[in-house]
Amino acid sequence: MARPSRRRRQELTAGGTPAAGRPAPARTPSSPTPSRYRTQRVKVPRPWWQSPWAWGSAITVVVVAVIVVFIVVANRPAATSSAASNANQPVPASVLAAVTGVSSSVSDTIGAGGVSNPLEPVSGSPSALTGPTGHPELFYLGAEYCPYCAAERWSVVIALSRFGTFSNLAETTSSSSDEYPNTHTFSFYGASYSSSYLDFASLETADRSGNALQTPTTAQQTLINTYDTSPYSSQNGGIPFMDLANSFIVSGTAVPPASLQGMTWEQIAATLTDTQSPVAQAIIGNANWLTAGICKVNGGQPASVCGSTAITSLESQLGSS
C-alpha cells in the first residue's frame, strides 16, 4: 500500500462589520421646565477619590498589583502545549493486558477473520534474515504519523506477544492532519522486544508531526531498496512494510484505519474479546496470519502457539519462498 498523502487543511475565516446602530433623535422639551423643577448648582464636598493623595495611592496599588501578577505568572508551571499532550505515553496496564493476552479460544474462533493472506512469498533464494540472537527476524518499517501503520501495529503487537515480551511500549496516535486522523495505536520507538523464538527490529522514521526519529542502517536500507518495491509494494519505500526472515513480505495493512476512527485505545482493546466484532476480526485475523508466517519460518515454536487450530490452518495456506 502506498504511503498516504498528508492532507493540508485550510481554515476558512469570515469577518464582517456589524451594522452600526443609529442614534435616537434628541428629545426637545415642549416647554421650559418650571423653576421649581430646575436643577440648581450647589456646592458639595469633593469626593475622596478626587483628592491628590488618592491618585498617588491608586497608582502605587496598580504598580504593586502588576508586579505581583508578573511574579505569579513567572513561577507558575508552564501549561501543557498541544505537542506535549500528544507525546507518547506508556500503555495503560488494562490495554496492554488485552492486546498481549488475546485468548486462544477467541483466536481460533476468528481464524482469518475474513482477512486475505497478507504475506507475499519472496521470490528466489535470498539468505535468511536473522537477528542478533540468531533467530529469524521480523523487520518493521513505519512512522507514527501514518494511519495505516497505526492500524497494523495492533496486529503486530498481538502476534509478537505470542512469541515474546515487549518493554516500554508506548501509545500514540497518527497525525491529526492526515487521512483517518488521530488513529489510536502504539509506537515501537523506544520499545524493546525479547523472545526465545524471534528477533524483532523496528524502525519508526518520523513522529506524528513528521519530525525525523530513526534512520535505517545500511543493511536495513538494502532490505528496503530490495523488497519495499514492486512486485511486493505498490510504491517504492511505502509504509507500513515488513520483511519476515527474507521469506515473506507484508506491504500495507489488512486492518482498515477507518474502522478505528473515533475509538480510544481502551475501546479498541475491549473489542478483542468479542468474536463478532468487525474490529476484532480484522485485527486478530491479521495477527493470526502474521503468527502463521512466524511459525513457518521458526520451525513451529512454541508448539502452544503454532499448534493451535487457527494457526496450523493458516500456515498450510502460506506459499513458500
# chains A, B, ... in the order shown; residues from 1 in each chain; ligands from 1

$ residues_around --residues "Glu152 (chain A)" --least-positions-apart "4" --cutoff "7 Å" --atoms "only C-alpha atoms" --output "PyMOL selection string"
chain A and resi 148+156+253+255

$ atom_distance --atom1 "CA of Ala282 (chain A)" --atom2 "CA of Ser234 (chain A)"
21.7 Å

$ closest_residue --among "A:Ala151, A:Val91, A:Ser194, A:Met242" --to "Glu120 (chain A)" --atoms "only C-alpha atoms"
A:Met242

$ residues_around --residues "Ala303 (chain A)" --least-positions-apart "5" --cutoff "12 Å" --atoms "only C-alpha atoms" --output "list in words"
Arg162, Phe163, Tyr197, Ala292, Cys295, Lys296, Asn298, Ser308, Thr309, Ile311 and Thr312 of chain A

$ closest_residue --among "A:Leu138, A:Ala150, A:Val305, A:Ala254" --to "Tyr193 (chain A)" --atoms "only C-alpha atoms"
A:Leu138

$ residues_around --residues "region 121-126 of chain A" --least-positions-apart "3" --cutoff "9 Å" --atoms "only C-alpha atoms" --output "number ranges by chain"
A: 129, 227, 232, 246-249, 318-321

$ closest_residue --among "A:Leu203, A:Ile158, A:Ile268, A:Ile239" --to "Ser104 (chain A)" --atoms "only C-alpha atoms"
A:Ile158

$ select_by_dssp --residues "region 94-250 of chain A" --states "strand (DSSP E or B)" --output "ChimeraX atom specification"
/A:120-121,130,136-142,164-167,170-173,178,184-187,192-195,199-204,206,212,241-244,248-250

$ write_last_selection --atoms "N, CA and C atoms" --output "compact mmCIF listing (two decimals), in the first residue's frame"
# COMPACT_ATOMS: atom_id res chain seq x y z
N GLU A 120 3.36 -12.06 1.32
CA GLU A 120 3.78 -12.35 -0.05
C GLU A 120 5.12 -13.10 0.00
N PRO A 121 5.18 -14.32 -0.56
CA PRO A 121 6.44 -15.06 -0.54
C PRO A 121 7.52 -14.33 -1.35
N THR A 130 18.24 -12.97 9.77
CA THR A 130 18.26 -13.33 11.18
C THR A 130 18.70 -12.13 12.01
N PRO A 136 15.11 -16.10 13.44
CA PRO A 136 14.53 -15.38 12.30
C PRO A 136 14.09 -13.98 12.75
N GLU A 137 14.29 -13.00 11.88
CA GLU A 137 13.98 -11.62 12.26
C GLU A 137 12.77 -11.10 11.49
N LEU A 138 11.93 -10.37 12.21
CA LEU A 138 10.86 -9.60 11.58
C LEU A 138 11.29 -8.14 11.60
N PHE A 139 11.46 -7.57 10.42
CA PHE A 139 11.84 -6.16 10.30
C PHE A 139 10.61 -5.35 9.95
N TYR A 140 10.36 -4.31 10.75
CA TYR A 140 9.18 -3.44 10.56
C TYR A 140 9.64 -2.03 10.21
N LEU A 141 9.01 -1.44 9.20
CA LEU A 141 9.27 -0.06 8.81
C LEU A 141 7.96 0.72 8.82
N GLY A 142 7.93 1.82 9.57
CA GLY A 142 6.72 2.63 9.63
C GLY A 142 7.02 4.03 10.11
N GLY A 164 7.02 -13.56 22.52
CA GLY A 164 7.95 -12.87 23.41
C GLY A 164 7.26 -11.74 24.16
N THR A 165 8.08 -10.80 24.64
CA THR A 165 7.57 -9.75 25.51
C THR A 165 8.09 -8.39 25.09
N PHE A 166 7.19 -7.42 25.04
CA PHE A 166 7.56 -6.04 24.78
C PHE A 166 7.88 -5.33 26.09
N SER A 167 8.81 -4.38 26.01
CA SER A 167 9.09 -3.49 27.15
C SER A 167 9.04 -2.06 26.63
N ALA A 170 4.81 2.18 23.94
CA ALA A 170 4.11 3.44 24.18
C ALA A 170 2.84 3.52 23.34
N GLU A 171 1.91 4.33 23.79
CA GLU A 171 0.72 4.59 23.00
C GLU A 171 0.84 5.96 22.35
N THR A 172 0.28 6.08 21.17
CA THR A 172 0.31 7.34 20.45
C THR A 172 -0.86 7.36 19.49
N THR A 173 -0.95 8.39 18.68
CA THR A 173 -1.97 8.47 17.64
C THR A 173 -1.30 8.88 16.34
N ASP A 178 -3.57 14.07 8.72
CA ASP A 178 -3.54 13.09 7.64
C ASP A 178 -4.94 12.49 7.52
N HIS A 184 -5.82 5.79 17.05
CA HIS A 184 -5.16 5.37 18.29
C HIS A 184 -4.36 4.08 18.06
N THR A 185 -3.15 4.06 18.56
CA THR A 185 -2.25 2.96 18.27
C THR A 185 -1.10 2.92 19.26
N PHE A 186 -0.04 2.19 18.90
CA PHE A 186 1.18 2.10 19.69
C PHE A 186 2.35 2.64 18.87
N SER A 187 3.47 2.82 19.54
CA SER A 187 4.69 3.20 18.84
C SER A 187 5.80 2.24 19.27
N SER A 192 11.45 -2.16 23.35
CA SER A 192 12.34 -3.29 23.11
C SER A 192 11.52 -4.57 23.15
N TYR A 193 12.09 -5.62 22.57
CA TYR A 193 11.36 -6.89 22.47
C TYR A 193 12.33 -8.03 22.71
N SER A 194 11.93 -8.97 23.54
CA SER A 194 12.76 -10.15 23.82
C SER A 194 11.96 -11.42 23.56
N SER A 195 12.62 -12.40 22.94
CA SER A 195 11.95 -13.65 22.60
C SER A 195 12.98 -14.75 22.43
N ASP A 199 13.51 -12.59 16.52
CA ASP A 199 14.08 -11.27 16.72
C ASP A 199 13.20 -10.25 16.01
N PHE A 200 13.10 -9.08 16.61
CA PHE A 200 12.24 -8.04 16.05
C PHE A 200 13.04 -6.74 15.96
N ALA A 201 13.09 -6.17 14.77
CA ALA A 201 13.76 -4.89 14.55
C ALA A 201 12.73 -3.92 13.99
N SER A 202 12.54 -2.81 14.67
CA SER A 202 11.54 -1.83 14.24
C SER A 202 12.20 -0.51 13.91
N LEU A 203 11.58 0.21 12.99
CA LEU A 203 12.10 1.50 12.57
C LEU A 203 10.92 2.45 12.38
N GLU A 204 10.77 3.41 13.30
CA GLU A 204 9.77 4.47 13.17
C GLU A 204 10.52 5.68 12.61
N ALA A 206 9.53 8.67 11.61
CA ALA A 206 9.12 10.03 11.98
C ALA A 206 8.05 9.97 13.05
N ALA A 212 11.75 13.81 12.06
CA ALA A 212 12.55 12.59 11.93
C ALA A 212 12.82 11.94 13.28
N PHE A 241 5.70 -1.51 6.14
CA PHE A 241 6.40 -2.54 5.39
C PHE A 241 7.05 -3.48 6.40
N MET A 242 6.97 -4.79 6.12
CA MET A 242 7.63 -5.77 6.99
C MET A 242 8.29 -6.85 6.15
N ASP A 243 9.46 -7.25 6.59
CA ASP A 243 10.20 -8.36 5.99
C ASP A 243 10.34 -9.43 7.06
N LEU A 244 9.75 -10.59 6.81
CA LEU A 244 9.83 -11.70 7.76
C LEU A 244 10.87 -12.69 7.27
N PHE A 248 8.94 -13.79 3.68
CA PHE A 248 7.65 -13.19 3.36
C PHE A 248 7.74 -11.67 3.52
N ILE A 249 7.02 -10.98 2.67
CA ILE A 249 6.92 -9.53 2.73
C ILE A 249 5.48 -9.15 3.01
N VAL A 250 5.30 -8.16 3.88
CA VAL A 250 3.97 -7.60 4.16
C VAL A 250 4.04 -6.11 3.80

$ residues_around --residues "Gln261 (chain A)" --least-positions-apart "6" --cutoff "8 Å" --atoms "only C-alpha atoms" --output "tab-separated table (two decimals) with C-alpha atoms, in the first residue's frame"
chain	number	residue	atom	x	y	z
A	180	TYR	CA	-8.01	8.91	9.23
A	181	PRO	CA	-6.62	11.45	11.72
A	182	ASN	CA	-5.66	10.58	15.29
A	183	THR	CA	-5.94	6.83	14.86

$ atom_distance --atom1 "CA of Asp108 (chain A)" --atom2 "CA of Ala310 (chain A)"
4.7 Å
